[in-house]
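Student: So here's input30.pdb, just PDB, C-alpha atoms:
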MODEL        1
ATOM      1  CA  MET A   1     -27.780 -37.012 -34.359
ATOM      2  CA  ASN A   2     -25.676 -34.527 -36.369
ATOM      3  CA  ASN A   3     -26.846 -34.708 -39.977
ATOM      4  CA  SER A   4     -24.468 -32.043 -41.226
ATOM      5  CA  LEU A   5     -22.105 -34.621 -42.735
ATOM      6  CA  LYS A   6     -23.212 -35.609 -46.191
ATOM      7  CA  GLU A   7     -22.476 -39.065 -47.548
ATOM      8  CA  LYS A   8     -19.391 -39.045 -49.733
ATOM      9  CA  ILE A   9     -18.550 -41.376 -52.568
ATOM     10  CA  ARG A  10     -15.066 -42.670 -51.785
ATOM     11  CA  ALA A  11     -12.550 -44.609 -53.826
ATOM     12  CA  GLY A  12     -12.078 -48.263 -52.985
ATOM     13  CA  ARG A  13      -8.641 -47.639 -51.427
ATOM     14  CA  ASN A  14      -9.896 -44.749 -49.309
ATOM     15  CA  GLN A  15      -9.616 -45.752 -45.643
ATOM     16  CA  THR A  16     -11.223 -42.637 -44.147
ATOM     17  CA  LEU A  17     -13.429 -43.648 -41.221
ATOM     18  CA  THR A  18     -17.159 -43.983 -41.890
ATOM     19  CA  LEU A  19     -20.116 -44.967 -39.699
ATOM     20  CA  THR A  20     -23.285 -46.842 -40.510
ATOM     21  CA  ASP A  21     -26.554 -45.936 -38.786
ATOM     22  CA  THR A  22     -26.331 -49.189 -36.826
ATOM     23  CA  GLU A  23     -22.821 -48.346 -35.643
ATOM     24  CA  LYS A  24     -23.974 -44.903 -34.528
ATOM     25  CA  THR A  25     -26.731 -46.424 -32.425
ATOM     26  CA  VAL A  26     -24.445 -49.003 -30.815
ATOM     27  CA  LEU A  27     -21.528 -46.647 -30.237
ATOM     28  CA  SER A  28     -23.701 -43.949 -28.687
ATOM     29  CA  GLU A  29     -24.388 -46.342 -25.799
ATOM     30  CA  SER A  30     -20.715 -46.145 -24.785
ATOM     31  CA  LEU A  31     -20.696 -42.342 -24.566
ATOM     32  CA  VAL A  32     -21.202 -40.324 -21.388
ATOM     33  CA  PHE A  33     -23.657 -37.465 -21.846
ATOM     34  CA  HIS A  34     -23.107 -34.560 -19.483
ATOM     35  CA  ASP A  35     -26.810 -33.751 -19.282
ATOM     36  CA  SER A  36     -27.415 -37.063 -17.526
ATOM     37  CA  ILE A  37     -24.854 -36.511 -14.737
ATOM     38  CA  LYS A  38     -24.349 -33.320 -12.731
ATOM     39  CA  ALA A  39     -21.026 -34.270 -11.159
ATOM     40  CA  PHE A  40     -18.674 -37.035 -12.219
ATOM     41  CA  THR A  41     -16.544 -39.358 -10.157
ATOM     42  CA  GLU A  42     -13.168 -40.338 -11.572
ATOM     43  CA  ASN A  43     -14.327 -43.942 -12.039
ATOM     44  CA  GLN A  44     -17.387 -42.858 -14.036
ATOM     45  CA  ILE A  45     -15.385 -41.040 -16.692
ATOM     46  CA  THR A  46     -12.011 -42.811 -16.862
ATOM     47  CA  ASN A  47     -11.588 -44.249 -20.357
ATOM     48  CA  LYS A  48     -14.744 -42.469 -21.495
ATOM     49  CA  THR A  49     -15.751 -39.852 -24.038
ATOM     50  CA  ILE A  50     -17.960 -37.147 -22.547
ATOM     51  CA  VAL A  51     -20.362 -35.420 -24.925
ATOM     52  CA  GLY A  52     -20.931 -31.803 -23.995
ATOM     53  CA  ASN A  53     -19.715 -28.237 -24.224
ATOM     54  CA  LEU A  54     -16.457 -27.697 -22.335
ATOM     55  CA  PHE A  55     -17.910 -24.757 -20.406
ATOM     56  CA  SER A  56     -20.770 -26.886 -19.068
ATOM     57  CA  VAL A  57     -18.643 -29.984 -18.395
ATOM     58  CA  ILE A  58     -15.342 -28.785 -16.933
ATOM     59  CA  ASP A  59     -16.658 -27.901 -13.459
ATOM     60  CA  SER A  60     -17.974 -31.474 -13.120
ATOM     61  CA  ILE A  61     -14.557 -33.079 -13.675
ATOM     62  CA  PRO A  62     -12.696 -34.016 -10.464
ATOM     63  CA  LYS A  63      -9.680 -31.781  -9.799
ATOM     64  CA  GLY A  64      -6.104 -33.053  -9.790
ATOM     65  CA  ILE A  65      -6.672 -36.384 -11.543
ATOM     66  CA  ALA A  66      -4.709 -36.035 -14.812
ATOM     67  CA  ASP A  67      -1.026 -36.802 -15.287
ATOM     68  CA  LEU A  68      -1.109 -35.133 -18.686
ATOM     69  CA  VAL A  69      -3.398 -32.682 -20.466
ATOM     70  CA  ILE A  70      -3.264 -32.278 -24.253
ATOM     71  CA  ILE A  71      -5.235 -29.341 -25.677
ATOM     72  CA  ASP A  72      -5.940 -28.741 -29.350
ATOM     73  CA  PRO A  73      -8.470 -25.880 -29.163
ATOM     74  CA  PRO A  74      -9.925 -23.852 -32.023
ATOM     75  CA  TYR A  75      -7.171 -21.588 -33.331
ATOM     76  CA  ASN A  76      -7.908 -17.912 -33.907
ATOM     77  CA  LEU A  77      -9.313 -18.682 -37.345
ATOM     78  CA  THR A  78     -12.802 -18.847 -38.763
ATOM     79  CA  LYS A  79     -13.359 -22.589 -39.158
ATOM     80  CA  ASP A  80     -16.424 -24.752 -39.709
ATOM     81  CA  PHE A  81     -16.461 -27.868 -37.530
ATOM     82  CA  HIS A  82     -19.344 -29.630 -39.274
ATOM     83  CA  GLY A  83     -22.107 -27.329 -38.153
ATOM     84  CA  TYR A  84     -20.307 -25.338 -35.456
ATOM     85  CA  THR A  85     -18.384 -22.303 -36.722
ATOM     86  CA  PHE A  86     -15.595 -20.833 -34.615
ATOM     87  CA  LYS A  87     -15.005 -17.223 -35.651
ATOM     88  CA  SER A  88     -11.670 -15.412 -35.580
ATOM     89  CA  SER A  89     -11.320 -12.336 -33.395
ATOM     90  CA  GLY A  90      -8.763  -9.773 -32.317
ATOM     91  CA  ASN A  91      -5.799 -10.921 -30.257
ATOM     92  CA  ASN A  92      -7.166  -9.489 -27.002
ATOM     93  CA  GLU A  93     -10.522 -11.169 -27.540
ATOM     94  CA  TYR A  94      -8.821 -14.487 -28.232
ATOM     95  CA  ILE A  95      -6.763 -14.139 -25.048
ATOM     96  CA  GLU A  96      -9.965 -13.636 -23.069
ATOM     97  CA  TYR A  97     -11.453 -16.712 -24.746
ATOM     98  CA  LEU A  98      -8.452 -18.766 -23.586
ATOM     99  CA  ARG A  99      -8.658 -17.311 -20.088
ATOM    100  CA  SER A 100     -12.337 -18.277 -19.866
ATOM    101  CA  TRP A 101     -11.490 -21.977 -19.695
ATOM    102  CA  PHE A 102      -7.724 -22.554 -19.469
ATOM    103  CA  PRO A 103      -7.309 -22.152 -15.656
ATOM    104  CA  LYS A 104     -10.130 -24.638 -15.089
ATOM    105  CA  VAL A 105      -8.444 -27.166 -17.371
ATOM    106  CA  VAL A 106      -5.152 -26.671 -15.507
ATOM    107  CA  SER A 107      -6.963 -27.527 -12.259
ATOM    108  CA  ILE A 108      -7.542 -31.049 -13.620
ATOM    109  CA  LEU A 109      -3.761 -31.633 -13.570
ATOM    110  CA  LYS A 110      -1.961 -33.385 -10.742
ATOM    111  CA  PRO A 111       0.647 -31.254  -8.907
ATOM    112  CA  ASN A 112       3.410 -32.929 -10.957
ATOM    113  CA  GLY A 113       1.413 -32.973 -14.196
ATOM    114  CA  SER A 114       2.313 -31.643 -17.632
ATOM    115  CA  LEU A 115       0.293 -29.827 -20.280
ATOM    116  CA  TYR A 116       0.695 -29.339 -24.030
ATOM    117  CA  LEU A 117      -1.209 -26.620 -25.899
ATOM    118  CA  CYS A 118      -1.395 -26.694 -29.709
ATOM    119  CA  GLY A 119      -1.553 -23.550 -31.848
ATOM    120  CA  ASP A 120      -0.416 -21.849 -35.033
ATOM    121  CA  TRP A 121       1.535 -18.687 -35.835
ATOM    122  CA  LYS A 122      -1.501 -16.437 -35.470
ATOM    123  CA  CYS A 123      -2.510 -17.476 -31.953
ATOM    124  CA  THR A 124       0.785 -18.707 -30.507
ATOM    125  CA  SER A 125       1.656 -15.433 -28.717
ATOM    126  CA  ALA A 126      -1.761 -15.393 -27.020
ATOM    127  CA  MET A 127      -1.286 -19.002 -25.968
ATOM    128  CA  GLN A 128       2.153 -18.309 -24.533
ATOM    129  CA  GLN A 129       0.772 -15.428 -22.490
ATOM    130  CA  VAL A 130      -2.071 -17.475 -21.004
ATOM    131  CA  MET A 131       0.221 -20.463 -20.406
ATOM    132  CA  GLU A 132       2.667 -18.294 -18.455
ATOM    133  CA  GLU A 133      -0.174 -16.956 -16.314
ATOM    134  CA  ASN A 134      -0.993 -20.479 -15.125
ATOM    135  CA  LEU A 135       2.026 -22.746 -15.596
ATOM    136  CA  THR A 136       5.801 -22.776 -15.944
ATOM    137  CA  VAL A 137       6.526 -22.898 -19.664
ATOM    138  CA  LEU A 138       9.445 -25.220 -20.430
ATOM    139  CA  ASN A 139       9.520 -25.213 -24.223
ATOM    140  CA  ARG A 140       7.831 -24.512 -27.517
ATOM    141  CA  ILE A 141       7.768 -27.375 -30.003
ATOM    142  CA  THR A 142       7.423 -26.456 -33.664
ATOM    143  CA  TRP A 143       6.334 -29.201 -36.021
ATOM    144  CA  GLN A 144       6.335 -29.164 -39.784
ATOM    145  CA  ARG A 145       3.149 -29.740 -41.729
ATOM    146  CA  GLU A 146       4.084 -31.160 -45.115
ATOM    147  CA  LYS A 147       0.624 -30.240 -46.389
ATOM    148  CA  GLY A 148      -1.096 -26.911 -46.714
ATOM    149  CA  ARG A 149      -2.206 -24.420 -49.304
ATOM    150  CA  GLY A 150       0.251 -22.073 -50.945
ATOM    151  CA  ALA A 151      -0.254 -18.315 -50.930
ATOM    152  CA  SER A 152       0.559 -15.959 -53.801
ATOM    153  CA  CYS A 153       1.082 -12.909 -51.547
ATOM    154  CA  ASN A 154       2.527 -14.526 -48.403
ATOM    155  CA  TRP A 155       4.636 -17.434 -47.178
ATOM    156  CA  LYS A 156       2.906 -20.790 -47.102
ATOM    157  CA  ASN A 157       1.917 -21.750 -43.557
ATOM    158  CA  GLY A 158       3.810 -25.009 -43.012
ATOM    159  CA  MET A 159       4.391 -25.012 -39.238
ATOM    160  CA  GLU A 160       2.435 -25.316 -36.006
ATOM    161  CA  ASP A 161       3.453 -24.891 -32.374
ATOM    162  CA  ILE A 162       2.926 -26.926 -29.224
ATOM    163  CA  TRP A 163       3.585 -25.160 -25.911
ATOM    164  CA  PHE A 164       4.905 -27.393 -23.118
ATOM    165  CA  GLY A 165       4.205 -26.372 -19.529
ATOM    166  CA  VAL A 166       4.200 -27.907 -16.043
ATOM    167  CA  ARG A 167       2.727 -27.052 -12.642
ATOM    168  CA  ASP A 168       6.014 -27.713 -10.803
ATOM    169  CA  SER A 169       9.249 -27.159 -12.735
ATOM    170  CA  LYS A 170      11.184 -29.232 -10.173
ATOM    171  CA  ASN A 171       8.816 -32.181 -10.088
ATOM    172  CA  TYR A 172       7.406 -33.477 -13.362
ATOM    173  CA  TYR A 173       7.696 -36.643 -15.463
ATOM    174  CA  PHE A 174       9.692 -36.662 -18.686
ATOM    175  CA  ASP A 175      10.923 -39.883 -20.324
ATOM    176  CA  VAL A 176      13.320 -38.839 -23.073
ATOM    177  CA  ASP A 177      14.335 -42.423 -23.858
ATOM    178  CA  SER A 178      10.794 -43.176 -25.030
ATOM    179  CA  VAL A 179      10.804 -40.473 -27.687
ATOM    180  CA  LYS A 180      14.154 -40.888 -29.375
ATOM    181  CA  ILE A 181      14.266 -40.814 -33.166
ATOM    182  CA  LYS A 182      15.838 -43.289 -35.571
ATOM    183  CA  ARG A 183      17.549 -41.289 -38.325
ATOM    184  CA  LYS A 184      19.402 -42.318 -41.441
ATOM    185  CA  VAL A 185      23.157 -41.830 -41.314
ATOM    186  CA  LEU A 186      24.300 -40.291 -44.593
ATOM    187  CA  ALA A 187      27.981 -39.942 -43.750
ATOM    188  CA  PRO A 188      28.762 -42.794 -41.325
ATOM    189  CA  TYR A 189      31.858 -42.388 -39.173
ATOM    190  CA  LYS A 190      33.824 -45.424 -38.044
ATOM    191  CA  ASP A 191      36.240 -45.822 -35.153
ATOM    192  CA  ASN A 192      38.759 -48.622 -35.668
ATOM    193  CA  GLY A 193      36.589 -49.931 -38.489
ATOM    194  CA  LYS A 194      33.427 -50.121 -36.362
ATOM    195  CA  PRO A 195      30.339 -47.892 -36.516
ATOM    196  CA  LYS A 196      30.514 -45.044 -33.978
ATOM    197  CA  ASP A 197      27.151 -43.997 -32.491
ATOM    198  CA  TRP A 198      25.194 -45.666 -35.308
ATOM    199  CA  GLU A 199      24.183 -49.137 -36.443
ATOM    200  CA  GLU A 200      24.711 -50.887 -39.745
ATOM    201  CA  THR A 201      21.712 -52.894 -40.977
ATOM    202  CA  GLU A 202      20.627 -54.644 -44.159
ATOM    203  CA  SER A 203      18.160 -51.836 -44.856
ATOM    204  CA  GLY A 204      20.567 -48.960 -44.203
ATOM    205  CA  ASN A 205      22.626 -47.143 -41.600
ATOM    206  CA  PHE A 206      20.785 -45.567 -38.656
ATOM    207  CA  ARG A 207      21.453 -43.561 -35.517
ATOM    208  CA  ILE A 208      19.239 -43.229 -32.432
ATOM    209  CA  THR A 209      19.132 -39.514 -31.565
ATOM    210  CA  PHE A 210      17.676 -37.312 -28.848
ATOM    211  CA  PRO A 211      14.520 -35.421 -29.862
ATOM    212  CA  SER A 212      14.625 -31.678 -30.368
ATOM    213  CA  ASN A 213      11.835 -29.104 -30.243
ATOM    214  CA  PHE A 214      11.610 -29.071 -34.046
ATOM    215  CA  TRP A 215       9.744 -32.038 -35.494
ATOM    216  CA  ASP A 216      10.038 -32.708 -39.215
ATOM    217  CA  ASP A 217       9.025 -36.371 -39.135
ATOM    218  CA  ILE A 218       5.223 -35.993 -38.928
ATOM    219  CA  SER A 219       2.807 -37.070 -41.674
ATOM    220  CA  ILE A 220      -0.650 -35.465 -41.705
ATOM    221  CA  PRO A 221      -3.440 -38.097 -41.878
ATOM    222  CA  TYR A 222      -4.767 -38.529 -45.399
ATOM    223  CA  TRP A 223      -7.261 -40.734 -47.234
ATOM    224  CA  SER A 224      -5.127 -43.902 -47.465
ATOM    225  CA  MET A 225      -4.287 -43.977 -43.733
ATOM    226  CA  PRO A 226      -6.595 -45.965 -41.408
ATOM    227  CA  GLU A 227      -6.436 -43.205 -38.769
ATOM    228  CA  ASN A 228      -7.906 -40.623 -41.166
ATOM    229  CA  THR A 229     -11.289 -39.007 -40.502
ATOM    230  CA  ASP A 230     -13.175 -36.075 -42.006
ATOM    231  CA  HIS A 231     -12.311 -33.843 -39.042
ATOM    232  CA  PRO A 232     -10.901 -30.571 -40.463
ATOM    233  CA  THR A 233      -8.016 -30.218 -37.978
ATOM    234  CA  GLN A 234      -7.174 -33.810 -37.022
ATOM    235  CA  LYS A 235      -3.764 -34.273 -35.395
ATOM    236  CA  PRO A 236      -1.585 -37.265 -36.385
ATOM    237  CA  GLU A 237      -1.363 -40.202 -33.992
ATOM    238  CA  LYS A 238       2.430 -40.078 -34.238
ATOM    239  CA  LEU A 239       2.501 -36.508 -32.963
ATOM    240  CA  ILE A 240       0.257 -37.259 -29.979
ATOM    241  CA  ALA A 241       2.243 -40.432 -29.225
ATOM    242  CA  LYS A 242       5.386 -38.355 -28.679
ATOM    243  CA  LEU A 243       3.617 -36.173 -26.105
ATOM    244  CA  ILE A 244       2.094 -39.112 -24.240
ATOM    245  CA  LEU A 245       5.236 -41.258 -24.137
ATOM    246  CA  ALA A 246       7.349 -38.334 -22.948
ATOM    247  CA  SER A 247       5.008 -36.971 -20.283
ATOM    248  CA  CYS A 248       2.736 -39.723 -18.968
ATOM    249  CA  LYS A 249       3.754 -42.972 -17.311
ATOM    250  CA  LYS A 250       2.150 -46.224 -18.383
ATOM    251  CA  GLY A 251      -1.137 -46.533 -16.530
ATOM    252  CA  GLY A 252      -1.379 -42.767 -16.070
ATOM    253  CA  LEU A 253      -4.302 -40.580 -17.119
ATOM    254  CA  VAL A 254      -4.422 -38.297 -20.181
ATOM    255  CA  PHE A 255      -7.138 -35.630 -20.427
ATOM    256  CA  ASP A 256      -8.199 -33.886 -23.652
ATOM    257  CA  PRO A 257     -10.911 -31.193 -23.346
ATOM    258  CA  PHE A 258     -11.232 -30.709 -27.135
ATOM    259  CA  LEU A 259     -11.166 -34.355 -28.207
ATOM    260  CA  GLY A 260     -12.346 -33.958 -31.797
ATOM    261  CA  SER A 261     -12.198 -37.281 -33.619
ATOM    262  CA  GLY A 262     -10.507 -38.962 -30.664
ATOM    263  CA  THR A 263      -6.804 -39.070 -31.496
ATOM    264  CA  THR A 264      -5.575 -38.370 -27.953
ATOM    265  CA  SER A 265      -7.766 -41.068 -26.388
ATOM    266  CA  VAL A 266      -6.966 -43.567 -29.136
ATOM    267  CA  VAL A 267      -3.211 -43.117 -28.792
ATOM    268  CA  ALA A 268      -3.429 -43.235 -24.997
ATOM    269  CA  LYS A 269      -5.235 -46.569 -25.258
ATOM    270  CA  LYS A 270      -2.715 -47.962 -27.749
ATOM    271  CA  LEU A 271       0.146 -47.001 -25.427
ATOM    272  CA  GLY A 272      -1.359 -48.404 -22.229
ATOM    273  CA  ARG A 273      -2.532 -45.127 -20.673
ATOM    274  CA  ASN A 274      -5.977 -44.165 -19.405
ATOM    275  CA  TYR A 275      -7.899 -41.292 -20.936
ATOM    276  CA  ILE A 276     -10.789 -38.861 -20.599
ATOM    277  CA  GLY A 277     -12.020 -36.767 -23.514
ATOM    278  CA  ILE A 278     -14.651 -34.046 -23.894
ATOM    279  CA  GLU A 279     -16.246 -33.383 -27.290
ATOM    280  CA  MET A 280     -19.306 -31.255 -28.020
ATOM    281  CA  ASN A 281     -19.958 -32.632 -31.530
ATOM    282  CA  LEU A 282     -21.812 -35.951 -31.316
ATOM    283  CA  GLU A 283     -20.621 -37.098 -34.739
ATOM    284  CA  TYR A 284     -16.983 -36.539 -33.771
ATOM    285  CA  ALA A 285     -17.526 -38.349 -30.470
ATOM    286  CA  LEU A 286     -18.904 -41.356 -32.350
ATOM    287  CA  TRP A 287     -15.860 -41.353 -34.621
ATOM    288  CA  ALA A 288     -13.718 -41.444 -31.492
ATOM    289  CA  GLN A 289     -15.658 -44.431 -30.154
ATOM    290  CA  LYS A 290     -15.203 -46.398 -33.359
ATOM    291  CA  ARG A 291     -11.485 -45.650 -33.384
ATOM    292  CA  LEU A 292     -11.234 -46.710 -29.737
ATOM    293  CA  ARG A 293     -12.893 -50.023 -30.527
ATOM    294  CA  THR A 294     -10.492 -50.591 -33.401
ATOM    295  CA  ALA A 295      -7.579 -49.811 -31.058
ATOM    296  CA  GLU A 296      -8.510 -52.826 -28.943
ATOM    297  CA  THR A 297      -6.941 -55.065 -31.577
ATOM    298  CA  GLU A 298      -4.951 -52.666 -33.788
ATOM    299  CA  THR A 299      -2.311 -50.946 -31.671
ATOM    300  CA  SER A 300       0.168 -49.828 -34.324
ATOM    301  CA  ILE A 301       1.058 -46.148 -34.747
ATOM    302  CA  GLN A 302       2.292 -44.923 -38.116
ATOM    303  CA  GLY A 303       5.999 -44.069 -37.926
ATOM    304  CA  TYR A 304       6.534 -45.662 -34.491
ATOM    305  CA  GLU A 305       8.024 -49.138 -34.292
ATOM    306  CA  ASP A 306      10.566 -51.032 -32.187
ATOM    307  CA  ASN A 307      10.040 -48.403 -29.462
ATOM    308  CA  VAL A 308      11.510 -45.592 -31.548
ATOM    309  CA  PHE A 309      10.167 -42.938 -33.889
ATOM    310  CA  TRP A 310      11.381 -43.206 -37.456
ATOM    311  CA  GLU A 311      12.011 -40.304 -39.793
ATOM    312  CA  ARG A 312       9.224 -39.615 -42.271
ATOM    313  CA  ASN A 313       9.139 -42.256 -45.054
ATOM    314  CA  THR A 314      12.149 -44.208 -43.748
ATOM    315  CA  LEU A 315      10.155 -46.931 -41.975
ATOM    316  CA  HIS A 316       8.193 -47.707 -45.144
ATOM    317  CA  ALA A 317      11.439 -47.826 -47.145
ATOM    318  CA  ARG A 318      12.988 -50.163 -44.559
ATOM    319  CA  LYS A 319      10.040 -52.569 -44.709
ATOM    320  CA  LYS A 320      10.120 -52.522 -48.517
ATOM    321  CA  SER A 321      13.850 -53.285 -48.492
ATOM    322  CA  ILE A 322      13.310 -56.206 -46.130
ATOM    323  CA  ARG A 323      10.502 -57.603 -48.313
ATOM    324  CA  VAL A 324      12.703 -57.376 -51.414
ATOM    325  CA  LYS A 325      15.540 -59.208 -49.676
ATOM    326  CA  ILE A 326      13.164 -61.964 -48.513
ATOM    327  CA  LEU A 327      11.833 -62.463 -52.042
ATOM    328  CA  LYS A 328      15.361 -62.601 -53.481
ATOM    329  CA  ASN A 329      16.392 -65.263 -50.978
ATOM    330  CA  ARG A 330      13.474 -67.569 -51.736
TER     331      ARG A 330
ENDMDL
END
Would you kindly transcribe this structure into structure tokens?

Tutor:
Amino acid sequence: MNNSLKEKIRAGRNQTLTLTDTEKTVLSESLVFHDSIKAFTENQITNKTIVGNLFSVIDSIPKGIADLVIIDPPYNLTKDFHGYTFKSSGNNEYIEYLRSWFPKVVSILKPNGSLYLCGDWKCTSAMQQVMEENLTVLNRITWQREKGRGASCNWKNGMEDIWFGVRDSKNYYFDVDSVKIKRKVLAPYKDNGKPKDWEETESGNFRITFPSNFWDDISIPYWSMPENTDHPTQKPEKLIAKLILASCKKGGLVFDPFLGSGTTSVVAKKLGRNYIGIEMNLEYALWAQKRLRTAETETSIQGYEDNVFWERNTLHARKKSIRVKILKNR
């Protein structure tokens, strides 16, 4: 068991995930340990978290089984992942690191599968190069992080990238209707006195719009959100939900080779998809298992409701407005 995580004293309203020793023992029974199996069948690992190093596990995963692969690897930064330190390197060295595993991960994709690769400004050019060596790159999504440290001698890093690639540019799944955004209409236009391309509601005026490759509606998990963990680079459920809804049919399979605290698997489960995740850190894998158990009864995703994605903070404001109106009418 990883003892690198020290017990923290948390405020009463802090919802960051924690595990008791009893939970760790029980949850570990639901994990798949690579050391115990030399080669997996698809049935053995579907909807499972595999504990092991990617380099020792990937050759045991059946080829061509995933509809979607989501990769959030270590960026080219020195970062401590609770006992495992990934060290930054030169650009050429980082490219070779990506090449050492990326083609094998691509082999897990179905012929019509899609892949998303997360990165930041420092490693994004290396990622694009390796993506183009193995897939057809269709787009680069840039999403805005509303958190982050300022810098006195540089611009604050407030963006990250997600590269979108496919094996076959003429045959891949993309459901744009599932990822449309509900935006506030600030200057509503009417045609013959009726709303044009927008709807008028008690809580405001809204328009359903097509998604672009710039996302400014994402909230980073923090202490008061139930999805929050102590993982240093945890991705928001809302962000992963966009990728899954757009590029994996219901009942399809999503594969994440750097699972971390489990966000990809958790969101896949909430949205009715199957999943496989690989994570080398046992503590992180246990966090994923607890989140997966919670997802059996709690399927909500922050910022996603009524089958649309809401702009940041607008869904909360809408619910508050509705509650106020209900109280006034009592």

Student: Could you list, as a ChimeraX atom specification, every residue matched by the PyMOL selection byres ((chain A and resi 241) around 9) in this structure?

Tutor: /A:179,236-240,242-246,264,267-268,271,301,304

Student: Could you work out how far atom CA of Cys248 of chain A lies from atom CA of Ile50 of chain A, giving the answer in Å with one decimal?

Tutor: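 Between atom CA of Ile50 of chain A and atom CA of Cys248 of chain A the gap works out to 21.2 Å.
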
Student: Care to translate the PyMOL selection byres ((chain A and resi 221) around 10) into actual residues of this file, as a ChimeraX atom specification?

Tutor: /A:16,147,218-220,222-230,233-238,302

Student: Write to file, as an mmCIF file, keeping the file's coordinate frame, the residues of the selection just made, with C-alpha atoms.

Tutor:
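File produced: selection.cif:
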data_model
loop_
_atom_site.group_PDB
_atom_site.id
_atom_site.type_symbol
_atom_site.label_atom_id
_atom_site.label_comp_id
_atom_site.auth_asym_id
_atom_site.auth_seq_id
_atom_site.Cartn_x
_atom_site.Cartn_y
_atom_site.Cartn_z
ATOM 1 C CA THR A 16 -11.223 -42.637 -44.147
ATOM 2 C CA LYS A 147 0.624 -30.240 -46.389
ATOM 3 C CA ILE A 218 5.223 -35.993 -38.928
ATOM 4 C CA SER A 219 2.807 -37.070 -41.674
ATOM 5 C CA ILE A 220 -0.650 -35.465 -41.705
ATOM 6 C CA TYR A 222 -4.767 -38.529 -45.399
ATOM 7 C CA TRP A 223 -7.261 -40.734 -47.234
ATOM 8 C CA SER A 224 -5.127 -43.902 -47.465
ATOM 9 C CA MET A 225 -4.287 -43.977 -43.733
ATOM 10 C CA PRO A 226 -6.595 -45.965 -41.408
ATOM 11 C CA GLU A 227 -6.436 -43.205 -38.769
ATOM 12 C CA ASN A 228 -7.906 -40.623 -41.166
ATOM 13 C CA THR A 229 -11.289 -39.007 -40.502
ATOM 14 C CA ASP A 230 -13.175 -36.075 -42.006
ATOM 15 C CA THR A 233 -8.016 -30.218 -37.978
ATOM 16 C CA GLN A 234 -7.174 -33.810 -37.022
ATOM 17 C CA LYS A 235 -3.764 -34.273 -35.395
ATOM 18 C CA PRO A 236 -1.585 -37.265 -36.385
ATOM 19 C CA GLU A 237 -1.363 -40.202 -33.992
ATOM 20 C CA LYS A 238 2.430 -40.078 -34.238
ATOM 21 C CA GLN A 302 2.292 -44.923 -38.116
#

Student: Could you list the residues chosen by the PyMOL selection byres ((chain A and resi 122) around 10) in this structure as a list in words?

Tutor: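 So the PyMOL selection byres ((chain A and resi 122) around 10), applied here, picks out Tyr75, Asn76, Leu77, Asn91, Gly119, Asp120, Trp121, Cys123, Thr124, Ser125, Ala126, Met127 and Glu160 of chain A.
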
Student: Please provide the set of residues having any atom within 12 Å of Ser56 of chain A, restricted to only C-alpha atoms, with same-chain residues fewer than 5 positions apart removed, written as a count of residues only.

Tutor: 15

Student: Calculated over only C-alpha atoms, which of the candidates A:Arg140, A:Arg145, A:Arg183, A:Lys63 has the smallest distance to Val308 of chain A?

Tutor: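 For Val308 of chain A, the nearest of the given residues is A:Arg183.
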
Student: Just checking: using only C-alpha atoms, which residue out of A:Ser107, A:Ser100, A:Thr201, A:Ser261 ends up closest to Lys290 of chain A?

Tutor: A:Ser261

Student: A:Gln144, A:Asn53, A:Asn92, A:Ser169: which is nearest Trp215 of chain A, counting only C-alpha atoms?

Tutor: A:Gln144

Student: Report as JSON lines: every residue of segment 188-265 of chain A with an atom at most 12 Å from segment 45-48 of chain A, its closest pair of atoms, and their distance in Å to one decimal, counting all atoms listed in the file, with rows sorted by chain and ascending residue number.

Tutor:
{"residue": "A:Gly251", "atom": "CA", "partner": "A:Asn47", "partner_atom": "CA", "distance": 11.4}
{"residue": "A:Gly252", "atom": "CA", "partner": "A:Thr46", "partner_atom": "CA", "distance": 10.7}
{"residue": "A:Leu253", "atom": "CA", "partner": "A:Thr46", "partner_atom": "CA", "distance": 8.0}
{"residue": "A:Val254", "atom": "CA", "partner": "A:Asn47", "partner_atom": "CA", "distance": 9.3}
{"residue": "A:Phe255", "atom": "CA", "partner": "A:Thr46", "partner_atom": "CA", "distance": 9.4}
{"residue": "A:Asp256", "atom": "CA", "partner": "A:Lys48", "partner_atom": "CA", "distance": 11.0}
{"residue": "A:Leu259", "atom": "CA", "partner": "A:Lys48", "partner_atom": "CA", "distance": 11.1}
{"residue": "A:Gly262", "atom": "CA", "partner": "A:Lys48", "partner_atom": "CA", "distance": 10.7}
{"residue": "A:Thr264", "atom": "CA", "partner": "A:Asn47", "partner_atom": "CA", "distance": 11.3}
{"residue": "A:Ser265", "atom": "CA", "partner": "A:Asn47", "partner_atom": "CA", "distance": 7.8}

Student: Given all atoms listed in the file as the basis, pick out the residue of A:Met159, A:Ile58, A:Leu282, A:Leu135 nearest to Thr25 of chain A.

Tutor: A:Leu282

Student: Which residue gives the smallest distance to Val32 of chain A among A:Lys190, A:Gln128, A:Gly277, A:Ile181, with all atoms listed in the file counted?

Tutor: A:Gly277

Student: Using all atoms listed in the file, which of the listed residues (A:Asp67, A:Glu283, A:Glu23, A:Glu93) sits closest to Tyr173 of chain A?

Tutor: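 Of all the options, A:Asp67 lies closest to Tyr173 of chain A.
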